[in-house]
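Okay, entry_19.txt now, which holds compact mmCIF, C-alpha atoms:
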```
# COMPACT_ATOMS: atom_id res chain seq x y z
CA MET S 3 12.93 116.25 81.49
CA LEU S 4 14.35 113.90 84.03
CA ARG S 5 18.12 113.86 84.11
CA ASN S 6 20.57 111.88 86.27
CA ARG S 7 18.92 113.03 89.49
CA PRO S 8 15.27 112.80 90.52
CA THR S 9 13.15 115.77 89.55
CA VAL S 10 10.92 117.32 92.18
CA LEU S 11 7.45 118.26 90.90
CA SER S 12 5.52 120.96 92.67
CA ILE S 13 2.35 122.88 92.15
CA THR S 14 1.23 126.07 93.84
CA SER S 15 -2.29 127.23 94.48
CA GLY S 16 -1.97 129.69 91.59
CA PRO S 17 -1.07 129.13 87.94
CA SER S 18 1.81 126.72 87.52
CA SER S 19 5.07 127.99 86.13
CA GLN S 20 7.63 126.21 83.97
CA SER S 21 9.99 126.08 86.92
CA ASP S 22 7.38 124.25 88.98
CA VAL S 23 6.05 121.73 86.47
CA VAL S 24 7.23 120.72 83.05
CA LYS S 25 4.09 120.11 81.03
CA PRO S 26 3.84 118.02 77.87
CA LYS S 27 3.01 119.79 74.66
CA TYR S 28 -0.17 118.84 72.84
CA SER S 29 -0.60 119.33 69.12
CA ASN S 30 -3.83 120.64 67.63
CA ASN S 31 -4.25 117.28 65.90
CA SER S 32 -3.94 115.29 69.07
CA HIS S 33 -4.45 111.95 67.39
CA ILE S 34 -1.41 112.40 65.14
CA LYS S 35 1.76 111.70 67.08
CA ALA S 36 5.33 111.27 65.94
CA PRO S 37 6.13 107.57 65.51
CA SER S 38 8.72 105.98 67.71
CA LYS S 39 11.23 103.53 66.25
CA LYS S 40 12.21 102.28 69.69
CA THR S 41 8.84 101.00 70.69
CA LYS S 42 6.61 98.52 68.93
CA LYS S 43 3.53 98.82 71.11
CA ILE S 44 0.31 99.17 69.19
CA THR S 45 -2.69 100.30 71.12
CA LYS S 46 -4.42 97.35 72.70
CA THR S 47 -7.77 98.54 71.35
CA MET S 48 -6.92 97.39 67.82
CA SER S 49 -7.84 93.88 66.80
CA LYS S 50 -6.38 94.16 63.30
CA SER S 51 -4.27 97.28 63.05
CA ILE S 52 -4.99 97.75 59.36
CA LEU S 53 -8.42 96.38 58.68
CA LEU S 54 -10.72 97.19 61.58
CA PRO S 55 -11.57 100.34 63.51
CA ILE S 56 -10.19 100.41 67.00
CA LEU S 57 -13.36 99.94 68.90
CA THR S 58 -14.42 96.83 66.98
CA ALA S 59 -11.82 94.87 68.95
CA ILE S 60 -13.29 95.91 72.25
CA SER S 61 -16.95 95.55 71.32
CA ALA S 62 -19.25 95.53 74.31
CA ALA S 63 -21.11 92.35 75.19
CA LEU S 64 -24.03 91.97 72.81
CA TYR S 65 -27.48 92.88 74.01
CA SER S 66 -29.64 90.07 75.37
CA ALA S 67 -33.34 90.73 74.95
CA ALA S 68 -34.11 88.55 77.92
CA SER S 69 -31.89 90.58 80.22
CA GLY S 70 -33.60 93.90 79.45
CA ALA S 71 -30.23 95.66 79.62
CA SER S 72 -29.08 98.42 77.27
CA THR S 73 -25.43 97.49 76.89
CA PRO S 74 -23.96 99.23 73.84
CA VAL S 75 -23.39 96.98 70.82
CA ASP S 76 -20.49 97.09 68.35
CA PHE S 77 -20.60 94.20 65.88
CA THR S 78 -19.00 93.73 62.46
CA SER S 79 -19.80 91.13 59.79
CA GLN S 80 -17.87 91.25 56.51
CA ASP S 81 -18.64 94.65 54.91
CA TRP S 82 -21.19 95.84 57.48
CA GLN S 83 -21.09 97.12 61.05
CA VAL S 84 -23.80 97.88 63.61
CA VAL S 85 -23.29 100.17 66.61
CA CYS S 86 -26.10 100.66 69.14
CA ASP S 87 -25.62 103.27 71.86
CA ASN S 88 -26.82 103.42 75.46
CA THR S 89 -30.18 104.91 74.40
CA ARG S 90 -30.81 101.86 72.14
CA THR S 91 -30.42 103.86 68.92
CA CYS S 92 -28.78 101.62 66.32
CA ARG S 93 -26.65 102.71 63.37
CA LEU S 94 -25.81 100.24 60.61
CA ALA S 95 -23.08 101.13 58.12
CA GLY S 96 -22.30 99.23 54.92
CA TYR S 97 -19.44 99.75 52.48
CA GLN S 98 -18.06 98.58 49.16
CA ALA S 99 -16.39 95.16 49.18
CA ASP S 100 -12.98 95.26 50.82
CA ASN S 101 -11.24 94.50 47.51
CA ASP S 102 -13.25 97.12 45.56
CA ILE S 103 -11.45 100.21 46.82
CA GLU S 104 -11.33 102.40 43.69
CA LEU S 105 -14.93 103.61 44.17
CA PRO S 106 -15.49 103.72 47.95
CA VAL S 107 -19.07 104.19 49.16
CA SER S 108 -20.90 103.92 52.46
CA LEU S 109 -24.55 103.72 53.44
CA LEU S 110 -25.77 104.52 56.97
CA LEU S 111 -29.08 103.25 58.36
CA ILE S 112 -30.34 104.86 61.58
CA ARG S 113 -33.16 103.35 63.61
CA ARG S 114 -34.11 104.57 67.07
CA ALA S 115 -35.74 102.38 69.70
CA GLY S 116 -39.50 102.13 70.08
CA ALA S 117 -42.36 100.40 68.28
CA ASN S 118 -43.02 103.22 65.83
CA ALA S 119 -39.43 104.11 64.97
CA THR S 120 -38.70 104.75 61.29
CA VAL S 121 -35.45 104.08 59.42
CA ASP S 122 -33.36 106.91 57.97
CA ALA S 123 -30.77 106.19 55.28
CA ARG S 124 -27.81 108.30 54.21
CA VAL S 125 -25.25 107.69 51.50
CA LYS S 126 -21.71 109.03 51.25
CA LEU S 127 -19.39 108.65 48.26
CA GLY S 128 -15.71 108.46 49.11
CA GLY S 129 -13.28 110.84 47.46
CA ALA S 130 -10.07 109.35 48.84
CA ARG S 131 -9.33 107.26 45.70
CA GLU S 132 -8.40 108.78 42.34
CA ASN S 133 -11.22 107.29 40.25
CA SER S 134 -13.88 108.28 42.76
CA ALA S 135 -12.42 111.76 43.28
CA LYS S 136 -12.39 112.46 39.52
CA ALA S 137 -16.00 111.37 39.15
CA LEU S 138 -17.11 113.66 41.98
CA MET S 139 -15.10 116.64 40.70
CA GLN S 140 -16.80 116.45 37.32
CA LEU S 141 -20.20 116.91 38.93
CA GLY S 142 -19.65 120.42 40.21
CA ASP S 143 -22.44 121.29 42.64
CA ARG S 144 -24.89 118.72 41.29
CA HIS S 145 -24.74 115.64 43.47
CA ARG S 146 -27.95 113.81 42.59
CA ILE S 147 -27.37 110.17 43.43
CA SER S 148 -29.61 107.46 41.97
CA LEU S 149 -30.22 104.09 43.60
CA PHE S 150 -30.16 100.97 41.43
CA ILE S 151 -31.06 97.54 42.84
CA ASN S 152 -30.56 94.56 40.55
CA ASP S 153 -30.32 97.05 37.64
CA LYS S 154 -33.71 98.60 38.44
CA ASP S 155 -33.71 102.39 38.89
CA TYR S 156 -35.33 103.50 42.15
CA GLY S 157 -34.90 107.20 41.43
CA GLU S 158 -32.76 109.96 42.82
CA ALA S 159 -31.95 110.53 46.46
CA ARG S 160 -32.55 113.90 48.03
CA PRO S 161 -30.03 116.60 47.05
CA PHE S 162 -26.50 116.07 48.31
CA SER S 163 -25.66 118.29 51.28
CA GLY S 164 -22.15 119.68 51.13
CA ALA S 165 -22.36 120.80 54.75
CA ALA S 166 -23.48 117.39 56.00
CA GLY S 167 -21.38 115.45 53.50
CA TYR S 168 -24.09 113.00 52.48
CA ALA S 169 -27.40 112.57 50.66
CA GLU S 170 -30.56 111.20 52.27
CA LEU S 171 -32.53 108.45 50.59
CA THR S 172 -36.26 108.82 50.02
CA SER S 173 -38.78 106.66 51.87
CA PRO S 174 -39.50 104.40 48.83
CA GLN S 175 -35.76 103.93 48.35
CA VAL S 176 -35.31 102.93 52.00
CA THR S 177 -38.12 100.37 51.73
CA ALA S 178 -36.60 98.80 48.61
CA LEU S 179 -33.12 98.84 50.07
CA LEU S 180 -34.09 97.12 53.33
CA GLU S 181 -35.74 94.34 51.35
CA ALA S 182 -32.67 93.96 49.10
CA LEU S 183 -30.23 93.76 51.99
CA THR S 184 -31.89 90.66 53.44
CA LYS S 185 -30.85 88.62 50.39
CA SER S 186 -28.18 88.54 47.71
CA SER S 187 -28.59 91.76 45.72
CA LYS S 188 -26.71 94.03 43.35
CA ILE S 189 -26.87 97.51 44.90
CA GLU S 190 -25.37 100.53 43.16
CA LEU S 191 -25.28 104.28 43.77
CA VAL S 192 -25.06 105.99 40.40
CA ILE S 193 -24.15 109.43 39.13
CA ARG S 194 -24.06 109.73 35.33
CA ASN S 195 -21.76 106.96 34.12
CA THR S 196 -20.08 106.18 37.43
CA ARG S 197 -21.39 103.39 39.63
CA TRP S 198 -20.41 102.88 43.25
CA ARG S 199 -21.18 99.28 44.29
CA LEU S 200 -22.47 98.74 47.83
CA SER S 201 -21.77 95.30 49.26
CA ASP S 202 -24.61 93.28 50.75
CA LYS S 203 -22.20 90.87 52.47
CA GLY S 204 -22.79 90.88 56.22
CA ALA S 205 -25.89 93.09 56.07
CA SER S 206 -28.30 90.40 57.30
CA ALA S 207 -26.08 89.57 60.28
CA VAL S 208 -25.87 93.16 61.51
CA MET S 209 -29.58 93.76 60.87
CA LEU S 210 -30.41 90.77 63.05
CA LYS S 211 -28.06 92.09 65.74
CA ALA S 212 -29.89 95.43 65.65
CA ASP S 213 -33.21 93.60 65.97
CA GLU S 214 -31.88 91.81 69.07
CA ALA S 215 -30.64 95.05 70.62
CA GLN S 216 -34.04 96.72 70.22
CA GLY S 217 -36.17 93.70 71.12
CA ARG S 218 -37.71 93.39 67.66
CA VAL S 219 -36.98 89.73 66.86
CA GLY S 220 -40.24 88.05 65.88
CA THR S 221 -42.13 91.34 65.45
CA ALA S 222 -43.41 93.04 62.31
CA SER S 223 -40.94 95.91 62.74
CA ALA S 224 -37.83 93.67 62.62
CA PHE S 225 -35.30 94.15 59.83
CA ILE S 226 -35.15 90.37 59.46
CA ARG S 227 -38.70 89.00 59.21
CA THR S 228 -39.31 85.44 60.33
CA GLU S 229 -42.14 83.23 59.17
CA GLY S 230 -45.01 83.10 61.58
CA ALA S 231 -43.83 86.15 63.53
CA SER S 232 -46.42 86.55 66.24
CA LYS S 233 -44.98 89.02 68.72
CA SER S 234 -46.69 92.38 68.93
CA ASN S 235 -44.75 95.58 68.28
CA SER S 236 -45.78 96.57 71.80
CA SER S 237 -43.01 94.24 73.01
CA VAL S 238 -40.36 96.34 71.27
CA LEU S 239 -38.05 98.03 73.77
CA SER S 240 -38.52 101.74 74.42
CA PRO S 241 -35.71 104.29 74.11
CA LYS S 242 -33.50 104.72 77.15
CA ALA S 243 -33.13 108.22 78.56
CA ILE S 244 -29.88 110.04 77.82
CA PRO S 245 -27.81 110.20 81.03
CA ALA S 246 -27.19 113.71 82.30
CA ILE S 247 -23.74 114.95 83.31
CA ARG S 248 -23.12 118.22 85.06
CA MET S 249 -19.68 119.47 84.10
CA VAL S 250 -17.73 121.69 86.48
CA ILE S 251 -14.93 123.90 85.18
CA PRO S 252 -11.79 123.28 87.30
CA ASN S 253 -10.33 126.12 89.31
CA PRO S 254 -6.54 126.07 88.74
CA LYS S 255 -6.16 129.13 91.02
CA ALA S 256 -7.83 127.51 94.00
CA THR S 257 -5.94 127.78 97.28
CA SER S 258 -4.79 124.49 98.68
CA GLY S 259 -6.69 123.45 101.78
CA ASN S 260 -3.47 122.94 103.74
CA LYS S 261 -1.87 126.15 102.38
CA LYS S 262 1.15 124.12 101.27
CA LYS S 263 2.71 123.55 97.89
CA PHE S 264 2.34 120.05 96.46
CA VAL S 265 5.79 118.46 96.12
CA MET S 266 6.59 114.93 95.00
CA ARG S 267 9.49 113.30 93.17
CA SER S 268 8.89 111.79 89.77
CA SER S 269 9.96 108.38 91.03
CA GLN S 270 7.44 108.66 93.87
CA LEU S 271 4.65 109.54 91.44
CA SER S 272 5.53 106.56 89.25
CA GLU S 273 5.45 104.25 92.25
CA LEU S 274 2.17 105.73 93.46
CA MET S 275 0.44 105.32 90.08
CA LYS S 276 1.77 101.84 89.39
CA ASP S 277 -0.73 100.16 91.68
CA THR S 278 -3.67 101.68 89.77
CA ILE S 279 -2.77 99.83 86.53
CA LYS S 280 -3.52 96.13 86.14
CA ASP S 281 -0.75 95.47 83.60
CA VAL S 282 1.85 98.24 83.58
CA SER S 283 4.05 96.52 80.98
CA SER S 284 1.15 96.48 78.52
CA ASP S 285 -0.96 99.51 79.43
CA CYS S 286 1.70 102.01 80.50
CA PRO S 287 5.24 100.82 79.72
CA SER S 288 6.55 104.41 79.80
CA LEU S 289 5.35 105.07 83.35
CA SER S 290 8.86 105.11 84.84
CA ASP S 291 10.77 106.57 81.90
CA LYS S 292 12.34 110.01 81.81
CA SER S 293 9.51 111.81 80.04
CA SER S 294 7.96 114.72 81.92
CA TRP S 295 5.00 114.73 84.28
CA SER S 296 2.26 117.35 84.26
CA VAL S 297 0.26 118.44 87.31
CA ASN S 298 -2.86 120.61 87.15
CA ARG S 299 -4.95 121.78 90.07
CA LEU S 300 -8.65 120.92 89.87
CA ASN S 301 -9.85 122.44 93.15
CA SER S 302 -8.53 123.15 96.64
CA LYS S 303 -8.02 119.44 97.38
CA GLN S 304 -7.53 117.55 94.11
CA LEU S 305 -4.97 117.46 91.32
CA LEU S 306 -4.85 116.07 87.79
CA VAL S 307 -1.61 114.21 87.05
CA GLN S 308 -0.47 113.13 83.56
CA HIS S 309 2.41 111.07 82.16
CA ASN S 310 3.24 109.40 78.85
CA CYS S 311 2.13 105.77 78.85
CA TRP S 312 2.80 104.32 75.41
CA THR S 313 3.70 105.15 71.81
CA GLY S 314 2.80 103.11 68.75
CA ALA S 315 3.27 103.38 65.01
CA TYR S 316 0.55 106.03 64.58
CA ASN S 317 -1.03 106.46 68.01
CA SER S 318 0.05 107.29 71.54
CA GLY S 319 -1.57 107.50 74.95
CA LYS S 320 -1.07 109.35 78.20
CA GLY S 321 -1.98 108.18 81.64
CA VAL S 322 -4.31 110.52 83.53
CA TRP S 323 -4.99 110.30 87.27
CA VAL S 324 -6.88 112.28 89.89
CA ILE S 325 -5.15 112.46 93.29
CA ASN S 326 -5.54 114.32 96.56
CA ASP S 327 -2.94 116.99 97.18
CA THR S 328 -2.19 115.59 100.66
CA ARG S 329 -2.03 112.13 102.21
CA PRO S 330 -3.82 109.86 101.60
CA TYR S 331 -3.28 110.61 97.91
CA GLU S 332 -5.73 107.92 96.76
CA PRO S 333 -4.84 108.06 93.05
CA LYS S 334 -7.61 107.12 90.62
CA LEU S 335 -6.74 106.17 87.05
CA ILE S 336 -9.04 107.69 84.42
CA THR S 337 -7.35 106.29 81.28
CA THR S 338 -4.00 105.32 79.81
CA ASN S 339 -5.10 106.35 76.30
CA ALA S 340 -5.53 110.13 76.67
CA THR S 341 -4.37 112.41 73.88
CA ASP S 342 -5.46 115.80 75.24
CA TYR S 343 -6.64 117.62 78.35
CA ASP S 344 -8.24 121.06 78.39
CA LYS S 345 -10.28 122.83 81.08
CA GLY S 346 -11.89 119.79 82.62
CA GLN S 347 -12.15 117.64 79.50
CA ILE S 348 -9.98 114.58 78.83
CA THR S 349 -9.99 113.33 75.24
CA SER S 350 -8.70 110.16 73.61
CA ILE S 351 -8.62 110.08 69.81
CA GLN S 352 -7.00 107.07 68.17
CA LYS S 353 -6.60 106.03 64.55
CA GLY S 354 -7.73 102.63 63.34
CA ARG S 355 -4.81 102.63 60.90
CA GLY S 356 -2.14 105.01 59.69
CA LEU S 357 -4.22 106.37 56.81
CA GLY S 358 -6.60 107.94 59.33
CA ASP S 359 -9.75 106.84 57.49
CA CYS S 360 -11.26 105.44 60.69
CA MET S 361 -11.03 106.73 64.26
CA SER S 362 -12.25 106.15 67.78
CA LYS S 363 -13.00 108.85 70.33
CA THR S 364 -13.70 108.88 74.07
CA GLU S 365 -14.21 111.90 76.34
CA TRP S 366 -14.40 112.38 80.10
CA LEU S 367 -15.65 115.52 81.90
CA TRP S 368 -14.85 116.88 85.35
CA THR S 369 -17.92 116.88 87.62
CA GLY S 370 -16.37 118.58 90.63
CA LYS S 371 -15.08 115.47 92.39
CA ASP S 372 -14.32 113.01 89.59
CA PHE S 373 -14.15 112.55 85.81
CA GLU S 374 -17.11 110.80 84.18
CA LYS S 375 -17.22 109.39 80.67
CA SER S 376 -19.38 111.66 78.54
CA HIS S 377 -18.88 110.28 75.04
CA GLU S 378 -17.64 107.19 73.20
CA SER S 379 -17.83 106.59 69.47
CA ASN S 380 -16.10 105.31 66.38
CA THR S 381 -16.35 106.31 62.73
CA GLY S 382 -16.99 102.91 61.19
CA LEU S 383 -14.80 100.60 59.13
CA CYS S 384 -11.54 101.63 57.47
CA ARG S 385 -12.75 101.77 53.87
CA MET S 386 -11.24 104.93 52.36
CA ILE S 387 -14.43 107.00 52.53
CA GLY S 388 -12.55 110.05 53.76
CA ALA S 389 -10.07 111.43 56.26
CA GLY S 390 -11.34 110.97 59.79
CA GLY S 391 -13.81 108.23 58.88
CA ALA S 392 -17.21 107.90 57.28
CA TRP S 393 -19.77 108.39 60.08
CA GLN S 394 -20.19 109.24 63.75
CA MET S 395 -21.36 106.00 65.38
CA PRO S 396 -21.83 106.60 69.11
CA LEU S 397 -21.58 103.86 71.69
CA TYR S 398 -22.24 106.18 74.62
CA VAL S 399 -23.94 109.59 74.66
CA THR S 400 -24.82 112.01 77.45
CA ASP S 401 -26.63 115.29 77.99
CA VAL S 402 -23.97 117.68 79.29
CA LYS S 403 -24.92 120.69 81.37
CA LEU S 404 -22.36 123.21 82.57
CA SER S 405 -22.06 124.33 86.18
CA ARG S 406 -20.12 127.40 87.14
```

Let me see the structure of the file written as structure tokens.
Amino acid sequence: MLRNRPTVLSITSGPSSQSDVVKPKYSNNSHIKAPSKKTKKITKTMSKSILLPILTAISAALYSAASGASTPVDFTSQDWQVVCDNTRTCRLAGYQADNDIELPVSLLLIRRAGANATVDARVKLGGARENSAKALMQLGDRHRISLFINDKDYGEARPFSGAAGYAELTSPQVTALLEALTKSSKIELVIRNTRWRLSDKGASAVMLKADEAQGRVGTASAFIRTEGASKSNSSVLSPKAIPAIRMVIPNPKATSGNKKKFVMRSSQLSELMKDTIKDVSSDCPSLSDKSSWSVNRLNSKQLLVQHNCWTGAYNSGKGVWVINDTRPYEPKLITTNATDYDKGQITSIQKGRGLGDCMSKTEWLWTGKDFEKSHESNTGLCRMIGAGGAWQMPLYVTDVKLSR
């Protein structure tokens, strides 16, 4: 803690001691932080702090088929959302209507890139509301979900998987469902006398966005078929390769190259880091407060430096920088939204709202000289499907290999 006089931070080549560096404490549930009554900052990544998942507000620029790029897509229309990752795999999630919360339900469609890609469908029944929870409890181990479209029974889905938390639809069910979603339809998931109603509002818009992202518009494999479609499926974009990242485990016991202990005042660190942030008042208002700094050695020349940046009603974020241990320090900001750091991995987990029924997650890994983003995802809309969100919907994925 900083008192009336400046605190001197130092780090030795060996393990740091409490007398050298005062480190912040991380909880096991890093996304749950104590609320602060003194600050009103809500993480800038929320567009509507109650209704939408965090990453919806910072959706990447939508894919343009003409550009040939593979920019991730995150697009929401009414009760549906589509997220396409950097490999061009698209995931479309639909929910019950926003005002129909007593029986929450979600359906996930997964379609990979490529002309011959099939569509997988999964259904999850929410147990966060009393009516839905009671209906599920009465079933015991038998979770056989039937699909009804416009009151026609399309049979039972595959057996519910307790480990996975969902049931997969059969191929005939998927075919019927995709047709129903392109027009106004009554779609229900039924177990005995309980019916979970899936909204079709917004489905066509997100299906079209998925078609654009995968280059299917005007082809026979498009979700949304157009009259006189003449483009061959051979024009459909191929999957993009998963980027590879080679993670290096930091060496906190490395000997400093100059054989000297790193020493810097807290005020000096604040001043040094300030120039790396575009808008300190918004992104890191706590940069110069009296909360503690943490310094971890990465190798013989580089250090990881952390400081509290902001606190909101149900989220918080730390600033994380990589600096040289001698002049020129050349600080590089990794993020102002970190919630945890452990052995070369920086994590940011943020709630979409206080209930915690939707989340966003980003991770960065140490590669020996810098931190690279290795993962980015959200869990879909905030619709009371369950704690932690309904699905994993990646925006960015990588193939991580470990170097010793």

Subject >> Atom-to-atom span, CA of Ser272 in chain S and CA of Ala340 in chain S, Å >> reply: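 CA of Ala340 in chain S lies 17.1 Å from CA of Ser272 in chain S.
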
Original post:
CA of Gln394 in chain S to CA of Arg199 in chain S: how many Å, to one decimal?
Top reply: 21.9 Å

**OP:** Please identify all polymer residues within 12 Å of Phe373 in chain S, counting all atoms listed in the file, omitting same-chain residues fewer than 2 positions from it, and present them as a VMD selection string.
**Re:** chain S and resid 247 to 252 300 304 to 306 322 to 325 334 to 337 343 345 to 349 365 to 371 375 to 377

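When only C-alpha atoms are used to compute distances to Arg329 in chain S, the closest of the residues S:Asn260, S:Ser293, S:Thr400, S:Ser223 turns out to be S:Asn260.
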
Original post:
Please, what distance in Å, to one decimal, runs between CA of Asn301 in chain S and CA of Glu378 in chain S?
Top reply: 26.3 Å

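Remark: for Ser283 in chain S, the closest of the candidate residues S:Gln270, S:Thr338, S:Asn253, S:Ser237 is S:Thr338 (distances computed over all atoms listed in the file).
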
**OP:** Could you give me, as a VMD selection string, the residues within 10 Å of Glu181 in chain S, counting all atoms listed in the file and dropping anything in the same chain fewer than 3 positions from it?
**Re:** chain S and resid 176 to 178 184 to 185 187 225 to 227

**OP:** Point out the residue among S:Tyr156, S:Trp82, S:Trp295, S:Tyr168 with the least atom-to-atom distance to Leu210 in chain S, counting only C-alpha atoms.
**Re:**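 Going through S:Tyr156, S:Trp82, S:Trp295, S:Tyr168 one by one, the smallest distance to Leu210 in chain S is for S:Trp82.
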